[in-house]
$ cat entry-v9.txt   # compact mmCIF, C-alpha atoms
# COMPACT_ATOMS: atom_id res chain seq x y z
CA MET P 1 20.98 6.34 -7.12
CA ALA P 2 19.73 9.53 -5.46
CA GLN P 3 20.07 9.87 -1.70
CA GLN P 4 16.84 10.10 0.25
CA LEU P 5 16.67 12.99 2.65
CA GLU P 6 16.18 12.05 6.28
CA LEU P 7 13.45 14.09 7.95
CA PHE P 8 14.29 12.92 11.46
CA SER P 9 17.67 12.33 13.00
CA ILE P 10 18.46 8.85 14.25
CA PRO P 11 18.19 8.91 18.05
CA ASN P 12 21.03 7.80 20.28
CA PRO P 13 20.29 4.22 21.45
CA CYS P 14 21.87 4.81 24.88
CA ARG P 15 19.79 3.31 27.70
CA HIS P 16 21.93 4.81 30.49
CA ILE P 17 23.28 1.41 31.56
CA CYS P 18 26.89 2.32 30.91
CA GLN P 19 28.76 -0.85 31.81
CA THR P 20 30.79 -3.02 29.49
CA ASP P 21 30.59 -6.78 29.24
CA ASP P 22 33.56 -9.13 28.93
CA ARG P 23 33.69 -8.56 25.14
CA GLY P 24 33.78 -4.74 25.45
CA PHE P 25 30.20 -3.99 24.42
CA CYS P 26 27.90 -1.77 26.48
CA ARG P 27 25.39 -3.84 28.46
CA GLY P 28 22.62 -1.30 27.76
CA CYS P 29 22.88 -0.44 24.07
CA LEU P 30 25.33 -3.14 22.86
CA ARG P 31 27.61 -0.63 21.12
CA SER P 32 31.38 -0.85 21.21
CA ARG P 33 33.43 1.87 22.85
CA GLU P 34 34.36 3.37 19.48
CA GLU P 35 30.71 3.31 18.33
CA ARG P 36 29.63 5.12 21.50
CA PHE P 37 32.35 7.79 21.27
CA ARG P 38 31.86 8.48 17.55
CA TRP P 39 28.02 8.50 17.55
CA MET P 40 27.63 12.29 17.32
CA GLN P 41 30.07 12.55 14.39
CA MET P 42 28.61 9.65 12.38
CA GLU P 43 26.60 10.03 9.20
CA ASP P 44 23.06 8.60 9.29
CA SER P 45 24.13 5.66 7.14
CA GLU P 46 26.86 4.82 9.68
CA LYS P 47 24.36 5.09 12.53
CA ARG P 48 21.98 2.69 10.75
CA GLU P 49 24.85 0.22 10.33
CA VAL P 50 25.70 0.46 14.04
CA LEU P 51 22.05 -0.14 14.94
CA ARG P 52 22.02 -3.17 12.64
CA LEU P 53 25.12 -4.54 14.37
CA CYS P 54 23.55 -3.90 17.79
CA ARG P 55 20.47 -5.86 16.72
CA GLN P 56 22.69 -8.78 15.66
CA ARG P 57 24.51 -8.65 19.00
CA TYR P 58 21.18 -8.66 20.83
CA LEU P 59 19.90 -11.68 18.89
CA ARG P 60 23.19 -13.50 19.49
CA GLN P 61 22.78 -12.88 23.24
CA LEU P 62 19.25 -14.27 23.16
CA ARG P 63 20.38 -17.42 21.35
CA ALA P 64 23.23 -17.93 23.83
CA LYS P 65 20.85 -17.71 26.81
CA LYS P 66 18.44 -20.36 25.49
CA THR P 67 18.86 -23.80 26.96
CA PRO P 68 18.25 -26.93 24.84
CA GLU P 69 14.82 -27.51 26.39
CA GLN P 70 13.74 -23.97 25.45
CA ILE P 71 14.54 -24.52 21.78
CA PRO P 72 11.48 -26.01 20.06
CA PRO P 73 12.04 -29.28 18.22
CA ASP P 74 12.01 -29.34 14.43
CA GLN P 75 9.10 -31.78 14.46
CA PRO P 76 6.31 -31.64 17.04
CA SER P 77 6.13 -34.52 19.46
CA LEU P 78 3.35 -37.06 18.92
CA PHE P 79 2.95 -37.59 22.67

$ encode --input "entry-v9.txt" --output "structure tokens"
Amino acid sequence: MAQQLELFSIPNPCRHICQTDDRGFCRGCLRSREERFRWMQMEDSEKREVLRLCRQRYLRQLRAKKTPEQIPPDQPSLF
């Protein structure tokens, strides 16, 4: 399969909140230390993979913050 040329570079997702959480991920961009340090040397395909992982980490954080009453029931209540 032929590679598609990228017209625009993938921007750095840094949000300038450079603090790590208890698992070692940045609180601002959710990248690991290695992902942050290697960003400038990564190929675009690697950057896309890192962004995909960051999205998964973000969604995992959202799910962890929801309390049981915030999660909608499978079936609507009749009352």

$ atom_distance --input "entry-v9.txt" --atom1 "CA of Glu35 (chain P)" --atom2 "CA of Glu49 (chain P)"
10.4 Å

$ atom_distance --input "entry-v9.txt" --atom1 "CA of Arg31 (chain P)" --atom2 "CA of Arg48 (chain P)"
12.3 Å

$ residues_around --input "entry-v9.txt" --residues "Asp22 (chain P)" --least-positions-apart "5" --cutoff "12 Å" --atoms "all atoms listed in the file" --output "PyMOL selection string"
chain P and resi 27+30+32

$ axis_aligned_box --input "entry-v9.txt" --around "region 54-57 of chain P" --padding-each-side "8 Å" --output "lines of an AutoDock Vina configuration file"
center_x = 22.5
center_y = -6.3
center_z = 17.3
size_x = 20.0
size_y = 20.9
size_z = 19.3

$ atom_distance --input "entry-v9.txt" --atom1 "CA of Asp44 (chain P)" --atom2 "CA of Ser9 (chain P)"
7.5 Å

$ build_atoms --input "entry-v9.txt" --residues "region 9-21 of chain P" --atoms "N, CA and C atoms" --output "compact mmCIF listing (two decimals), keeping the file's coordinate frame"
# COMPACT_ATOMS: atom_id res chain seq x y z
N SER P 9 16.35 12.88 12.68
CA SER P 9 17.67 12.33 13.00
C SER P 9 17.49 10.99 13.71
N ILE P 10 18.50 10.17 13.61
CA ILE P 10 18.46 8.85 14.25
C ILE P 10 18.82 9.04 15.71
N PRO P 11 17.93 8.67 16.63
CA PRO P 11 18.19 8.91 18.05
C PRO P 11 19.31 8.03 18.59
N ASN P 12 19.97 8.53 19.60
CA ASN P 12 21.03 7.80 20.28
C ASN P 12 20.39 6.61 21.01
N PRO P 13 20.90 5.39 20.82
CA PRO P 13 20.29 4.22 21.45
C PRO P 13 20.69 4.01 22.91
N CYS P 14 21.41 4.96 23.50
CA CYS P 14 21.87 4.81 24.88
C CYS P 14 20.69 4.59 25.82
N ARG P 15 20.84 3.61 26.72
CA ARG P 15 19.79 3.31 27.70
C ARG P 15 20.24 3.66 29.11
N HIS P 16 21.37 4.36 29.22
CA HIS P 16 21.93 4.81 30.49
C HIS P 16 22.29 3.66 31.42
N ILE P 17 22.72 2.54 30.82
CA ILE P 17 23.28 1.41 31.56
C ILE P 17 24.72 1.30 31.05
N CYS P 18 25.56 2.18 31.48
CA CYS P 18 26.89 2.32 30.91
C CYS P 18 27.91 1.42 31.61
N GLN P 19 27.82 0.14 31.31
CA GLN P 19 28.76 -0.85 31.81
C GLN P 19 29.13 -1.72 30.63
N THR P 20 30.39 -2.17 30.60
CA THR P 20 30.79 -3.02 29.49
C THR P 20 30.82 -4.48 29.93
N ASP P 21 30.53 -5.35 28.97
CA ASP P 21 30.59 -6.78 29.24
C ASP P 21 32.02 -7.27 29.00
